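J.: What follows is work_13.cif, made up of mmCIF, C-alpha atoms and all ligand atoms:
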```cif
data_protein
loop_
_atom_site.label_atom_id
_atom_site.label_comp_id
_atom_site.auth_asym_id
_atom_site.auth_seq_id
_atom_site.Cartn_x
_atom_site.Cartn_y
_atom_site.Cartn_z
CA MET X 179 4.64 30.65 0.97
CA SER X 180 3.81 27.73 3.22
CA LEU X 181 0.32 26.52 3.95
CA SER X 182 -1.13 24.31 6.68
CA ILE X 183 -3.91 21.84 6.02
CA SER X 184 -5.69 19.31 8.19
CA LEU X 185 -6.51 15.87 6.86
CA THR X 186 -7.73 12.60 8.22
CA ILE X 187 -5.45 9.94 6.78
CA ASN X 188 -6.27 6.30 7.47
CA ARG X 189 -8.45 7.31 10.43
CA GLN X 190 -5.76 9.55 11.97
CA SER X 191 -5.96 13.33 12.08
CA ARG X 192 -2.91 14.98 10.60
CA THR X 193 -1.94 18.60 10.17
CA VAL X 194 0.63 19.08 7.46
CA THR X 195 2.54 22.11 6.30
CA LEU X 196 3.01 22.41 2.58
CA ASP X 197 6.06 24.42 1.57
CA ASP X 198 4.84 24.40 -2.01
CA PRO X 199 1.09 24.84 -2.63
CA ARG X 200 1.47 22.87 -5.89
CA VAL X 201 2.37 19.60 -4.16
CA THR X 202 0.10 16.78 -5.25
CA LEU X 203 -1.66 14.46 -2.85
CA LEU X 204 0.52 11.64 -4.25
CA ASP X 205 3.76 13.43 -3.41
CA LEU X 206 2.42 14.46 -0.02
CA LEU X 207 1.61 10.84 0.80
CA ARG X 208 4.82 9.32 -0.52
CA GLU X 209 7.46 11.96 0.10
CA HIS X 210 6.22 13.82 3.16
CA LEU X 211 4.22 11.20 5.06
CA TYR X 212 6.20 8.15 3.83
CA LEU X 213 3.05 6.26 2.88
CA THR X 214 4.75 4.64 -0.07
CA GLY X 215 2.12 1.97 -0.67
CA THR X 216 0.48 4.37 -3.11
CA LYS X 217 2.50 4.09 -6.31
CA LYS X 218 3.61 6.62 -8.89
CA GLY X 219 3.33 5.28 -12.40
CA CYS X 220 2.73 7.94 -15.03
CA ASP X 221 2.21 10.98 -12.74
CA ARG X 222 -0.29 12.30 -15.27
CA GLY X 223 -3.61 10.57 -14.67
CA GLN X 224 -3.19 7.73 -17.14
CA CYS X 225 -2.39 4.59 -15.16
CA GLY X 226 -4.32 4.57 -11.87
CA ALA X 227 -1.34 3.33 -9.83
CA CYS X 228 -1.83 6.30 -7.49
CA THR X 229 -5.53 5.67 -6.74
CA VAL X 230 -6.66 6.51 -3.20
CA LEU X 231 -10.04 7.29 -1.68
CA VAL X 232 -10.90 10.89 -0.87
CA ASP X 233 -14.10 11.15 1.17
CA GLY X 234 -14.87 7.62 -0.02
CA ARG X 235 -14.45 8.34 -3.73
CA ARG X 236 -11.59 6.93 -5.80
CA ILE X 237 -9.31 9.50 -7.36
CA ASN X 238 -5.92 9.70 -9.03
CA SER X 239 -3.82 11.30 -6.31
CA CYS X 240 -1.24 12.49 -8.89
CA LEU X 241 -3.86 14.86 -10.31
CA SER X 242 -5.09 16.22 -7.01
CA LEU X 243 -3.52 19.20 -5.26
CA ALA X 244 -3.07 18.54 -1.56
CA ALA X 245 -3.85 22.19 -0.82
CA SER X 246 -7.38 21.73 -2.16
CA LEU X 247 -8.12 18.90 0.28
CA ASP X 248 -8.20 20.70 3.62
CA GLY X 249 -10.61 18.76 5.86
CA ALA X 250 -10.79 15.71 3.58
CA GLU X 251 -10.70 12.10 4.65
CA ILE X 252 -8.08 10.09 2.78
CA THR X 253 -7.76 6.32 2.71
CA THR X 254 -4.68 4.68 1.25
CA ILE X 255 -3.74 1.03 0.90
CA GLU X 256 -2.06 1.23 4.32
CA GLY X 257 -5.42 2.05 5.90
CA LEU X 258 -7.43 -0.93 4.66
CA ALA X 259 -6.36 -3.77 6.94
CA VAL X 260 -7.49 -3.67 10.53
CA GLY X 261 -4.68 -5.10 12.63
CA GLU X 262 -3.80 -8.46 11.13
CA ALA X 263 -7.13 -8.75 9.31
CA LEU X 264 -6.94 -7.96 5.62
CA HIS X 265 -9.75 -6.01 3.97
CA PRO X 266 -11.97 -8.38 1.93
CA VAL X 267 -10.68 -6.81 -1.30
CA GLN X 268 -7.07 -7.45 -0.29
CA ALA X 269 -7.93 -11.04 0.63
CA ALA X 270 -9.73 -11.54 -2.68
CA PHE X 271 -6.76 -10.26 -4.71
CA ILE X 272 -4.60 -12.89 -3.02
CA ALA X 273 -7.19 -15.67 -3.41
CA CYS X 274 -7.83 -14.87 -7.09
CA ASP X 275 -4.21 -14.20 -8.14
CA GLY X 276 -5.11 -10.60 -8.97
CA PHE X 277 -1.50 -9.53 -9.46
CA GLN X 278 1.90 -10.51 -10.82
CA CYS X 279 4.62 -7.91 -10.15
CA GLY X 280 2.31 -6.04 -7.77
CA TYR X 281 3.17 -2.51 -8.86
CA CYS X 282 -0.35 -1.62 -9.94
CA THR X 283 -1.96 -3.58 -7.10
CA PRO X 284 -2.45 -0.88 -4.44
CA GLY X 285 -4.19 1.28 -7.04
CA GLN X 286 -6.26 -1.63 -8.30
CA ILE X 287 -7.32 -2.53 -4.77
CA MET X 288 -8.25 1.05 -3.85
CA SER X 289 -10.18 1.40 -7.08
CA ALA X 290 -12.00 -1.88 -6.39
CA VAL X 291 -12.89 -0.74 -2.86
CA GLY X 292 -14.26 2.50 -4.31
CA LEU X 293 -16.14 0.71 -7.06
CA ILE X 294 -17.81 -1.73 -4.67
CA ALA X 295 -18.79 1.17 -2.41
CA GLU X 296 -20.35 2.90 -5.42
CA GLY X 297 -22.67 -0.12 -5.58
CA ARG X 298 -22.52 -0.44 -9.35
CA ALA X 299 -19.96 -3.18 -9.91
CA GLY X 300 -22.66 -5.77 -10.65
CA SER X 301 -21.82 -9.31 -11.72
CA ASP X 302 -20.84 -8.79 -15.36
CA PRO X 303 -17.05 -9.18 -15.72
CA GLU X 304 -17.01 -6.98 -18.84
CA ARG X 305 -18.71 -4.19 -16.98
CA ILE X 306 -16.26 -4.49 -14.09
CA ARG X 307 -13.39 -4.29 -16.58
CA GLU X 308 -14.92 -1.13 -18.00
CA LEU X 309 -15.44 0.43 -14.56
CA MET X 310 -11.85 -0.43 -13.61
CA SER X 311 -10.44 0.73 -16.94
CA GLY X 312 -8.63 3.68 -15.36
CA ASN X 313 -6.32 1.20 -13.65
CA LEU X 314 -3.78 -0.29 -16.03
CA CYS X 315 -1.83 -3.48 -15.36
CA ARG X 316 1.30 -3.92 -17.43
CA CYS X 317 1.42 -7.58 -16.42
CA GLY X 318 -2.04 -8.16 -17.84
CA ALA X 319 -3.47 -9.67 -14.66
CA TYR X 320 -6.92 -8.44 -15.62
CA GLN X 321 -8.71 -11.76 -15.33
CA GLY X 322 -7.60 -12.26 -11.73
CA ILE X 323 -8.34 -8.62 -10.90
CA THR X 324 -11.89 -8.93 -12.23
CA GLU X 325 -12.43 -12.19 -10.36
CA ALA X 326 -11.14 -10.55 -7.19
CA VAL X 327 -13.63 -7.69 -7.52
CA LEU X 328 -16.48 -10.19 -7.97
CA GLU X 329 -15.28 -12.31 -5.06
CA ALA X 330 -14.81 -9.34 -2.71
CA GLN X 331 -18.18 -7.96 -3.62
CA LYS X 332 -19.81 -11.29 -2.72
CA THR X 333 -17.98 -11.46 0.61
CA MET X 334 -18.85 -7.89 1.51
CA THR X 335 -22.50 -8.34 0.58
CA ALA X 336 -22.66 -11.52 2.69
CA GLU X 337 -20.97 -9.74 5.62
CA LYS X 338 -23.57 -6.97 5.47
CA GLY X 339 -26.22 -9.67 5.77
FE1 LIG J 401 -1.45 8.83 -11.16
FE2 LIG J 401 -0.55 7.28 -13.12
S1 LIG J 401 0.51 7.95 -11.33
S2 LIG J 401 -2.57 8.02 -12.81
FE1 LIG J 402 2.34 -5.93 -12.57
FE2 LIG J 402 -0.20 -5.09 -12.57
S1 LIG J 402 0.64 -6.79 -11.50
S2 LIG J 402 1.55 -4.08 -13.36
#
```
Represent the structure from my file as structure tokens, please.
Ligand code: FES
Ligand code: FES

T.:
Amino acid sequence: MSLSISLTINRQSRTVTLDDPRVTLLDLLREHLYLTGTKKGCDRGQCGACTVLVDGRRINSCLSLAASLDGAEITTIEGLAVGEALHPVQAAFIACDGFQCGYCTPGQIMSAVGLIAEGRAGSDPERIRELMSGNLCRCGAYQGITEAVLEAQKTMTAEKG
């Protein structure tokens, strides 16, 4: 039984037909919409590589059924930059060496964007590590990742004035 749902993905309205109602948001993004920036690590909610924003909140897209998201607004890593201008979190990951192989990076960045929007990142690196603990990095780039979150938060606060 196929099912149609409407989503806003990276500011664009999309209507998609799901041939299988059990398809996850992660598989919808990667395999049907070819938005492969969102990575599949464990496919069971343990690594955070698949983190995207749904209605502004960070979630593991491998655990979320696309069929349950009719009407939702999804932001993936592809939707952060505006034209040539990187999102402040993307820029901070580059400036602070917040990655090595890069596989976990889209998930880390989306999680950081969500965390900063939650307004509870604060300035304590340990606390940021805790609040980002759902995003694993096999390369161990945690110090750079934490610095990037702090740096991006500062930039975004300054931009807000
Ligand atoms: Fe979703 Fe690992 S792929 S949490
Ligand atoms: Fe390699 Fe995080 S940068 S897994």

J.: What's around Glu304 in chain X at 12 Å? Count all atoms listed in the file, leave out sequence neighbours fewer than 3 positions away in its own chain, and write the answer as a PDB file with C-alpha atoms, in the coordinates of the input.

T.:
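So the final result, stored in selection24.pdb, reads:
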```pdb
ATOM      1  CA  ALA X 299     -19.960  -3.180  -9.910  1.00  0.00           C
ATOM      2  CA  GLY X 300     -22.660  -5.770 -10.650  1.00  0.00           C
ATOM      3  CA  SER X 301     -21.820  -9.310 -11.720  1.00  0.00           C
ATOM      4  CA  ARG X 307     -13.390  -4.290 -16.580  1.00  0.00           C
ATOM      5  CA  GLU X 308     -14.920  -1.130 -18.000  1.00  0.00           C
ATOM      6  CA  LEU X 309     -15.440   0.430 -14.560  1.00  0.00           C
ATOM      7  CA  MET X 310     -11.850  -0.430 -13.610  1.00  0.00           C
ATOM      8  CA  SER X 311     -10.440   0.730 -16.940  1.00  0.00           C
ATOM      9  CA  TYR X 320      -6.920  -8.440 -15.620  1.00  0.00           C
ATOM     10  CA  GLN X 321      -8.710 -11.760 -15.330  1.00  0.00           C
ATOM     11  CA  ILE X 323      -8.340  -8.620 -10.900  1.00  0.00           C
ATOM     12  CA  THR X 324     -11.890  -8.930 -12.230  1.00  0.00           C
ATOM     13  CA  GLU X 325     -12.430 -12.190 -10.360  1.00  0.00           C
ATOM     14  CA  VAL X 327     -13.630  -7.690  -7.520  1.00  0.00           C
ATOM     15  CA  LEU X 328     -16.480 -10.190  -7.970  1.00  0.00           C
TER      16      LEU X 328
END
```

J.: Counting all atoms listed in the file, what residues are within 12 Å of ligand LIG 402 (chain J), given as a PyMOL selection string?

T.: chain X and resi 217-219+225-227+271-272+275-287+313-323

J.: Using all atoms listed in the file, pick whichever of X:Ile306, X:Cys228, X:Leu258, X:Ile187 has the shortest atom-to-atom distance to ligand LIG 401 (chain J).

T.: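 Residue with the minimum atom-to-atom distance to ligand LIG 401 (chain J): X:Cys228.
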
J.: Mind giving me the straight-line distance from CA of Leu181 in chain X to CA of Leu213 in chain X in Å, one decimal?

T.: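 According to the coordinates, CA of Leu181 in chain X and CA of Leu213 in chain X are separated by 20.5 Å.
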
J.: Using all atoms listed in the file, which of the listed residues (X:Ala250, X:Val267, X:Met288, X:Leu243) sits closest to Met334 in chain X?

T.: X:Val267

J.: Which is closer to Val194 in chain X than all the others in X:Ala244, X:Thr214, X:Val291, X:Thr229, using all atoms listed in the file?

T.: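 Among the listed residues, X:Ala244 lies closest to Val194 in chain X.
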
J.: Kindly indicate which residue among X:Gly292, X:Gly312, X:Pro266, X:Pro303 lies nearest to ligand LIG 401 (chain J), using all atoms listed in the file for the distances.

T.: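 Once distances to ligand LIG 401 (chain J) are computed over all atoms listed in the file, the minimum belongs to X:Gly312.
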
J.: Between X:Cys240, X:Ile255, X:Ala336, X:Val201, which residue has the minimum interatomic distance to ligand LIG 401 (chain J), considering all atoms listed in the file?

T.: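 When distances to ligand LIG 401 (chain J) are compared using all atoms listed in the file, the smallest one comes from X:Cys240.
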
J.: With all atoms listed in the file as the atoms that count, which of X:Ser289, X:Leu247, X:Gln268, X:Tyr212 lies nearest to ligand LIG 401 (chain J)?

T.: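 Looking at the shortest contact to ligand LIG 401 (chain J), the residue is X:Ser289.
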
J.: For a test of reading the model, state the distance in Å between CA of Arg192 in chain X and CA of Val230 in chain X, rounded to one decimal.

T.: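 CA of Val230 in chain X lies 16.6 Å from CA of Arg192 in chain X.
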
J.: Could you check which residues have any atom within 12 Å of (-23.7, -8.1, 2.2), counting only C-alpha atoms with coordinates taken straight from the file, and then list them as a list in words?

T.: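 The residues that fall inside the cut-off are Pro266, Ile294, Ala295, Gly297, Glu329, Ala330, Gln331, Lys332, Thr333, Met334, Thr335, Ala336, Glu337, Lys338 and Gly339 of chain X.
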
J.: Just C-alpha atoms for this one: save the residues we selected as a PDB file, in the frame of the given file.

T.:
```pdb
ATOM      1  CA  PRO X 266     -11.970  -8.380   1.930  1.00  0.00           C
ATOM      2  CA  ILE X 294     -17.810  -1.730  -4.670  1.00  0.00           C
ATOM      3  CA  ALA X 295     -18.790   1.170  -2.410  1.00  0.00           C
ATOM      4  CA  GLY X 297     -22.670  -0.120  -5.580  1.00  0.00           C
ATOM      5  CA  GLU X 329     -15.280 -12.310  -5.060  1.00  0.00           C
ATOM      6  CA  ALA X 330     -14.810  -9.340  -2.710  1.00  0.00           C
ATOM      7  CA  GLN X 331     -18.180  -7.960  -3.620  1.00  0.00           C
ATOM      8  CA  LYS X 332     -19.810 -11.290  -2.720  1.00  0.00           C
ATOM      9  CA  THR X 333     -17.980 -11.460   0.610  1.00  0.00           C
ATOM     10  CA  MET X 334     -18.850  -7.890   1.510  1.00  0.00           C
ATOM     11  CA  THR X 335     -22.500  -8.340   0.580  1.00  0.00           C
ATOM     12  CA  ALA X 336     -22.660 -11.520   2.690  1.00  0.00           C
ATOM     13  CA  GLU X 337     -20.970  -9.740   5.620  1.00  0.00           C
ATOM     14  CA  LYS X 338     -23.570  -6.970   5.470  1.00  0.00           C
ATOM     15  CA  GLY X 339     -26.220  -9.670   5.770  1.00  0.00           C
TER      16      GLY X 339
END
```

J.: Suppose you want the space between CA of Thr195 in chain X and CA of Leu211 in chain X; what is it in Å?

T.: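 The value is 11.1 Å.
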
J.: Just give me the residues with any atom within 6 Å of (-5.6, 11.4, -4.7), file coordinates, counting only C-alpha atoms, written as a PDB file with C-alpha atoms, in the coordinates of the input.

T.:
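Writing done, so here's out-v4.pdb:
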```
ATOM      1  CA  LEU X 203      -1.660  14.460  -2.850  1.00  0.00           C
ATOM      2  CA  VAL X 230      -6.660   6.510  -3.200  1.00  0.00           C
ATOM      3  CA  ILE X 237      -9.310   9.500  -7.360  1.00  0.00           C
ATOM      4  CA  ASN X 238      -5.920   9.700  -9.030  1.00  0.00           C
ATOM      5  CA  SER X 239      -3.820  11.300  -6.310  1.00  0.00           C
ATOM      6  CA  SER X 242      -5.090  16.220  -7.010  1.00  0.00           C
TER       7      SER X 242
END
```

J.: When you look at Val232 in chain X with a cut-off of 8 Å (counting all atoms listed in the file), what residues show up, excluding the ones that are within fewer than 3 positions of it in the same chain? I need them as an MDAnalysis selection string.

T.: chainID X and resid 235:237 250:253

J.: Provide range 209-241 of chain X of the preceding structure as a file containing C-alpha atoms, as a PDB file, in the first residue's frame.

T.:
```pdb
ATOM      1  CA  GLU X 209      17.664   6.707  -1.093  1.00  0.00           C
ATOM      2  CA  HIS X 210      14.592   8.471  -2.433  1.00  0.00           C
ATOM      3  CA  LEU X 211      15.560  12.147  -2.356  1.00  0.00           C
ATOM      4  CA  TYR X 212      19.339  11.630  -2.820  1.00  0.00           C
ATOM      5  CA  LEU X 213      20.199  13.910   0.082  1.00  0.00           C
ATOM      6  CA  THR X 214      23.178  11.805   1.030  1.00  0.00           C
ATOM      7  CA  GLY X 215      24.789  14.358   3.339  1.00  0.00           C
ATOM      8  CA  THR X 216      22.907  12.711   6.192  1.00  0.00           C
ATOM      9  CA  LYS X 217      24.918   9.617   7.074  1.00  0.00           C
ATOM     10  CA  LYS X 218      23.933   6.117   8.100  1.00  0.00           C
ATOM     11  CA  GLY X 219      26.157   4.763  10.830  1.00  0.00           C
ATOM     12  CA  CYS X 220      24.484   2.232  13.086  1.00  0.00           C
ATOM     13  CA  ASP X 221      20.879   2.511  11.770  1.00  0.00           C
ATOM     14  CA  ARG X 222      19.666   1.865  15.310  1.00  0.00           C
ATOM     15  CA  GLY X 223      19.824   5.131  17.226  1.00  0.00           C
ATOM     16  CA  GLN X 224      23.266   4.711  18.742  1.00  0.00           C
ATOM     17  CA  CYS X 225      25.654   6.948  16.806  1.00  0.00           C
ATOM     18  CA  GLY X 226      23.910  10.188  15.812  1.00  0.00           C
ATOM     19  CA  ALA X 227      25.378  10.192  12.278  1.00  0.00           C
ATOM     20  CA  CYS X 228      21.838  10.517  10.907  1.00  0.00           C
ATOM     21  CA  THR X 229      20.843  13.582  12.970  1.00  0.00           C
ATOM     22  CA  VAL X 230      18.547  16.070  11.225  1.00  0.00           C
ATOM     23  CA  LEU X 231      16.173  18.736  12.481  1.00  0.00           C
ATOM     24  CA  VAL X 232      12.441  18.040  12.458  1.00  0.00           C
ATOM     25  CA  ASP X 233      10.420  21.156  13.237  1.00  0.00           C
ATOM     26  CA  GLY X 234      13.631  22.599  14.672  1.00  0.00           C
ATOM     27  CA  ARG X 235      14.368  19.697  17.021  1.00  0.00           C
ATOM     28  CA  ARG X 236      17.293  17.325  16.515  1.00  0.00           C
ATOM     29  CA  ILE X 237      16.347  13.706  16.003  1.00  0.00           C
ATOM     30  CA  ASN X 238      17.918  10.469  14.820  1.00  0.00           C
ATOM     31  CA  SER X 239      16.365  10.072  11.386  1.00  0.00           C
ATOM     32  CA  CYS X 240      17.072   6.306  11.410  1.00  0.00           C
ATOM     33  CA  LEU X 241      14.540   5.918  14.225  1.00  0.00           C
TER      34      LEU X 241
END
```
